[in-house]
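Here is the structure we will look at.
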Amino acid sequence: MTLLGYDRYCDEILAQTDALRAVLTGADLTATVPTCPDWTLRELAVHVGGAHRWVGEIVRTRAAEDVPAEKVPGAAGPEGDDPAALEAWLAEGAAATVAALREAGPDAEVWTWAWERRTAFWARRMTHETAVHRADAALAARAPYTVAPDVAADTIEEWLRIVSFAQENGDPEADELRGGGRSLHLHATDVPGAEWLIEFGDDRFTWRRAHEKATVALRGSLTDLMLVFNRRLEPTGPRVEVLGDAALLDFWLDRSSFG
């Protein structure tokens, strides 16, 4: 299930990139990113821009297999440390990738690492890749972070599908997310109907939109639920509330830490 249309995903890639660029303006690009401590803020930006260009190359060439990063023009980032050059490089890459996505349409067959081999996958993936890494940048720069409710909800749903895909394909950590009849409830307190019930079955976990009692519940704003779920915000902080077996929430977060 996707919550946004293809054109909206294309629009969001541009909007999220512009918002990321705004965070970078005037920020210390040598600062360590707390949620990605192996990266500086500049390295985070290069990662995002490189991902855009990589996807753009896959889409433009209708690649039938993975494209090595070294074969993607400009993916390593701009030369030098000029912040303006970095911001321009980010904008150019996002614009070129969105142009390729729009030209291809949602159903063009291309290589992906996931459950569908269509350009629609990449439009959605780059939307949320950019939105979540924008949160990383905002944390590093101590800047405010907001995201539209439908984008936040779709980020959660895409992440559930990614973790499920990992479980289906034998990821050892994701494989542990099953058994015991346990359940996890996500409840957004600011958006009516934005609730999910994740149930641990004997063979795998499943999820659905529901308001039901669970082993553990995570309550907070929809944006904060998305940030906790993507391990960008600690569930023990004051912005969210955990009710019930907090260890089960930790269990989920520890075993969905790939990607």
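Please note that chains go A, B, ... in the order of the structure tokens, that every chain numbers its residues from 1, and that ligands are numbered from 1 in the order shown.
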Run DSSP on the backbone of this structure and report the residues of stretch 31-210 of chain A it assigns to strand (DSSP E or B), as a ChimeraX atom specification.
/A:32-33,36-40,109,118,183-188,195-200,205-208
Find the residues near A:Thr17: any atom within 12 Å, counting only C-alpha atoms, skip ones fewer than 3 places away on the same chain, and give them as number ranges by chain.
A: 10-14, 20-24, 45-46, 48-49, 51-52, 86-95, 97-98, 126-135, 137
Atomic distance atom CA of A:Arg208 - atom CA of A:Gly179, expressed in Å with one decimal
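That distance, rounded to one decimal, is 17.3 Å.
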Mind checking which residues fall within 8 Å of stretch 250-259 of chain A, counting only C-alpha atoms, ignoring those fewer than 5 positions away in the same chain, and posting them as a list in words?
Val163, Glu173, Ala174, Glu176, Leu177, Phe229 and Arg231 of chain A
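Shortest atom-to-atom contact with A:Arg62 among A:Arg178, A:Arg125, A:Arg161, A:Arg117: A:Arg117, counting only C-alpha atoms.
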Which residues in stretch 13-124 of chain A does DSSP call alpha helix (DSSP H)? List them as a PyMOL selection string.
chain A and resi 13-24+41-61+83-104+119-124
